Amino acid sequence: MTAGLELKSVGVWIDANPILRQVDLSVAQGECVALLGPSGCGKTTTLRTVAGFIQPQEGEVFIAGKPANGLPPNMRNVGLVFQDYALFPHMTIGENVSYGLRMRRVPKDEASRRVDEALDMVQLHAVRDRYPANLSGGQRQRVALARALVIRPDILLLDEPLGALDRKLRDRMQVELRQLQRHLGITTIIVTHDQEEALSLADRVAVMFEGSIREIGAPAALYERPSSREVMDFLGISNWLPADIIGTREDGRVLAQTAGIQIALPRSATVTGARVDLGLRPEYLRFVALDETGDCLVDASIVECVYKGGLVEVHVRLQNGQRLIARSGLSEVTTYGLDRLGENVRLRIDPDRLQVFSAS
Ligand SMILES: Nc1ncnc2c1ncn2[C@@H]1O[C@H](COP(=O)(O)OP(=O)(O)O)[C@@H](O)[C@H]1O
Ligand SMILES: [Mg+2]
């Protein structure tokens, strides 16, 4: 099957500065991929290269299987939505949406039908004759989406499309966007610096640093089993435990010593050298009773308890001074006294959830 989009070793320089380096990306037909990375890492440049506003100095771009190098934007069948949706203020919503069809000289009757269809997709039929100024931010963003979809693009490119909306509307639009994208089966690249948005919207997430894609994978795999320290550190919260390798257990699992305890590392871990860094997500650090016994228990005191809606993020200090962050349910706050600063607590590290990396 032809890919919806393929970038092969794409390199872009601006004024002799490398902006994209060897970017390889293959997006399946109908797939939604999020580009996630810190500001300035090259996400927008990647999208602009796909759209044809930038011609790469190196590498190749294929859209829906067809070579796109050298083609100007209007010769690529690409739908674009940006954060500042830039609707034409003096045109009605209907005229805004039909703009791309007029440019493509689609006959009037058909254009009108397709505008209706596109406005239906974003549930905005009722505002066809209004002007952008009379719409809410969320509605304007849906118009921008309709305008991109009306040309029936081979690929939809979204650059921080929900960035200007408030949190609640943004959450709702994320769900709507995802449903529409699935329903239409349109190949989509969404750029965001919002991790939650990337992880919840996309089939796969590509993490970009300094002009290259460092890792690409399904959201859960990327979060749970990142292939590098940097990606683990970048996504969500990570606890880092420096550990010494002290031997091998009878069952073949490697034994490590950290924070005064011994831990058997996961079987899947590849260990080279005498020291490793263990990465642990806060979900896999659980509070237990102070008289709990067994493996992988550490004692700590409460430093901070931060309410995060239905959860708390609890910062603790181990006896060796190291700080860790655990994530817990609200009911555990009273059970273990998590909101009492200085309170002594005991936690269990889930050894099978440790990510093992060579010591830095
Ligand atoms: N027109 C330009 N001229 C010079 N530098 C640019 C231009 N466009 C982007 N850059 C630089 O390229 C890098 C990547 O930018 P961009 O793709 O916009 O990043 P992102 O969208 O990930 O925040 C940044 O360092 C930015 O300063
Ligand atoms: Mg950008």
# chains A, B, ... in the order shown; residues from 1 in each chain; ligands from 1
call {"tool": "select_by_dssp", "arguments": {"residues": "segment 45-227 of chain A", "states": "strand (DSSP E)", "output": "PDB file with C-alpha atoms, in the first residue's frame"}}
result
ATOM      1  CA  GLU A  58      18.215  17.399   0.565  1.00  0.00           C
ATOM      2  CA  GLY A  59      15.954  14.391   0.435  1.00  0.00           C
ATOM      3  CA  GLU A  60      12.585  13.557  -1.038  1.00  0.00           C
ATOM      4  CA  VAL A  61       8.926  14.172  -0.238  1.00  0.00           C
ATOM      5  CA  PHE A  62       6.136  11.879  -1.449  1.00  0.00           C
ATOM      6  CA  ILE A  63       2.482  12.750  -0.893  1.00  0.00           C
ATOM      7  CA  LYS A  66       3.536  10.870  -5.733  1.00  0.00           C
ATOM      8  CA  PRO A  67       6.874  12.728  -5.719  1.00  0.00           C
ATOM      9  CA  VAL A  78      -2.791  19.527   0.971  1.00  0.00           C
ATOM     10  CA  GLY A  79      -5.189  20.969   3.586  1.00  0.00           C
ATOM     11  CA  LEU A  80      -3.674  23.363   6.098  1.00  0.00           C
ATOM     12  CA  VAL A  81      -4.855  24.630   9.471  1.00  0.00           C
ATOM     13  CA  PHE A  82      -2.736  26.954  11.565  1.00  0.00           C
ATOM     14  CA  ILE A 155      -3.214  15.022   3.578  1.00  0.00           C
ATOM     15  CA  LEU A 156      -4.275  17.334   6.387  1.00  0.00           C
ATOM     16  CA  LEU A 157      -1.579  19.430   8.087  1.00  0.00           C
ATOM     17  CA  LEU A 158      -2.455  20.979  11.440  1.00  0.00           C
ATOM     18  CA  ASP A 159      -0.019  23.344  13.163  1.00  0.00           C
ATOM     19  CA  THR A 187      -3.829  11.127   6.505  1.00  0.00           C
ATOM     20  CA  THR A 188      -3.003  13.774   9.112  1.00  0.00           C
ATOM     21  CA  ILE A 189       0.059  15.389  10.626  1.00  0.00           C
ATOM     22  CA  ILE A 190      -0.601  17.444  13.721  1.00  0.00           C
ATOM     23  CA  VAL A 191       2.078  19.628  15.250  1.00  0.00           C
ATOM     24  CA  THR A 192       1.855  20.366  18.930  1.00  0.00           C
ATOM     25  CA  ARG A 204       1.778   7.544  16.530  1.00  0.00           C
ATOM     26  CA  VAL A 205       3.826  10.323  18.046  1.00  0.00           C
ATOM     27  CA  ALA A 206       7.157  11.480  16.620  1.00  0.00           C
ATOM     28  CA  VAL A 207       9.399  13.182  19.172  1.00  0.00           C
ATOM     29  CA  MET A 208      11.602  15.829  17.544  1.00  0.00           C
ATOM     30  CA  PHE A 209      14.742  17.392  18.969  1.00  0.00           C
ATOM     31  CA  SER A 212      15.544  15.387  13.761  1.00  0.00           C
ATOM     32  CA  ILE A 213      12.970  12.814  14.717  1.00  0.00           C
ATOM     33  CA  ARG A 214      14.467  11.087  17.724  1.00  0.00           C
ATOM     34  CA  GLU A 215      11.828   8.421  18.168  1.00  0.00           C
ATOM     35  CA  ILE A 216       8.435   7.539  16.749  1.00  0.00           C
ATOM     36  CA  GLY A 217       5.928   5.143  18.235  1.00  0.00           C
TER      37      GLY A 217
END
call {"tool": "residues_near_ligand", "arguments": {"ligand": "ligand 2", "cutoff": "10 Å", "atoms": "only C-alpha atoms and all ligand atoms", "output": "PyMOL selection string"}}
result
chain A and resi 37-48+82-83+159-160+191-193
call {"tool": "closest_residue", "arguments": {"among": "A:Ala86, A:Thr92, A:Leu201, A:Ile349", "to": "Gly294 of chain A", "atoms": "only C-alpha atoms"}}
result
A:Ile349
call {"tool": "residues_around", "arguments": {"residues": "Leu347 of chain A", "least_positions_apart": "3", "cutoff": "8 Å", "atoms": "only C-alpha atoms", "output": "PyMOL selection string"}}
result
chain A and resi 285-288+297-300
call {"tool": "residues_around", "arguments": {"residues": "Phe88 of chain A", "least_positions_apart": "4", "cutoff": "10 Å", "atoms": "only C-alpha atoms", "output": "list in words"}}
result
Thr92, Ile93, Glu95, Asn96, Val97, Tyr99, Tyr131, Pro132 and Ala133 of chain A
call {"tool": "residues_around", "arguments": {"residues": "His125 of chain A", "least_positions_apart": "2", "cutoff": "12 Å", "atoms": "only C-alpha atoms", "output": "list in words"}}
result
Ile93, Gly94, Val97, Arg113, Arg114, Val115, Asp116, Glu117, Ala118, Leu119, Asp120, Met121, Val122, Gln123, Val127, Arg128, Asp129, Arg130, Gln139, Arg142, Val143 and Ala146 of chain A
call {"tool": "closest_residue", "arguments": {"among": "A:Asp84, A:Asp339, A:Glu6, A:Glu250", "to": "Leu165 of chain A", "atoms": "only C-alpha atoms"}}
result
A:Asp84
call {"tool": "residues_around", "arguments": {"residues": "Ile237 of chain A", "least_positions_apart": "2", "cutoff": "7 Å", "atoms": "only C-alpha atoms", "output": "PyMOL selection string"}}
result
chain A and resi 233+235+239+281-282
call {"tool": "closest_residue", "arguments": {"among": "A:Val271, A:Gln355, A:Val106, A:Gly11", "to": "Ser227 of chain A", "atoms": "only C-alpha atoms"}}
result
A:Gln355
call {"tool": "closest_residue", "arguments": {"among": "A:Ser9, A:Gln319, A:Thr49, A:Gln22", "to": "ligand 1", "atoms": "only C-alpha atoms and all ligand atoms"}}
result
A:Thr49
call {"tool": "decode", "arguments": {"residues": "segment 304-315 of chain A", "atoms": "N, CA and C atoms", "output": "mmCIF file, in the first residue's frame"}}
result
data_model
loop_
_atom_site.group_PDB
_atom_site.id
_atom_site.type_symbol
_atom_site.label_atom_id
_atom_site.label_comp_id
_atom_site.auth_asym_id
_atom_site.auth_seq_id
_atom_site.Cartn_x
_atom_site.Cartn_y
_atom_site.Cartn_z
ATOM 1 N N GLU A 304 6.081 17.558 49.450
ATOM 2 C CA GLU A 304 5.053 18.399 48.814
ATOM 3 C C GLU A 304 3.941 17.494 48.296
ATOM 4 N N CYS A 305 2.715 17.998 48.361
ATOM 5 C CA CYS A 305 1.589 17.239 47.822
ATOM 6 C C CYS A 305 0.785 18.190 46.942
ATOM 7 N N VAL A 306 0.810 17.960 45.648
ATOM 8 C CA VAL A 306 0.194 18.891 44.703
ATOM 9 C C VAL A 306 -1.092 18.289 44.138
ATOM 10 N N TYR A 307 -2.200 18.979 44.341
ATOM 11 C CA TYR A 307 -3.469 18.480 43.799
ATOM 12 C C TYR A 307 -3.538 18.713 42.300
ATOM 13 N N LYS A 308 -3.915 17.654 41.574
ATOM 14 C CA LYS A 308 -4.030 17.739 40.111
ATOM 15 C C LYS A 308 -5.390 17.194 39.712
ATOM 16 N N GLY A 309 -6.451 17.840 40.148
ATOM 17 C CA GLY A 309 -7.770 17.321 39.839
ATOM 18 C C GLY A 309 -8.019 16.034 40.593
ATOM 19 N N GLY A 310 -8.261 14.944 39.886
ATOM 20 C CA GLY A 310 -8.580 13.673 40.535
ATOM 21 C C GLY A 310 -7.384 12.929 41.112
ATOM 22 N N LEU A 311 -6.210 13.502 40.955
ATOM 23 C CA LEU A 311 -4.984 12.841 41.408
ATOM 24 C C LEU A 311 -4.141 13.800 42.234
ATOM 25 N N VAL A 312 -3.190 13.241 42.981
ATOM 26 C CA VAL A 312 -2.181 14.096 43.601
ATOM 27 C C VAL A 312 -0.811 13.673 43.112
ATOM 28 N N GLU A 313 0.065 14.682 43.019
ATOM 29 C CA GLU A 313 1.459 14.416 42.709
ATOM 30 C C GLU A 313 2.204 14.624 44.016
ATOM 31 N N VAL A 314 2.832 13.588 44.494
ATOM 32 C CA VAL A 314 3.465 13.674 45.805
ATOM 33 C C VAL A 314 4.981 13.642 45.655
ATOM 34 N N HIS A 315 5.621 14.695 46.161
ATOM 35 C CA HIS A 315 7.083 14.761 46.124
ATOM 36 C C HIS A 315 7.599 14.227 47.458
#
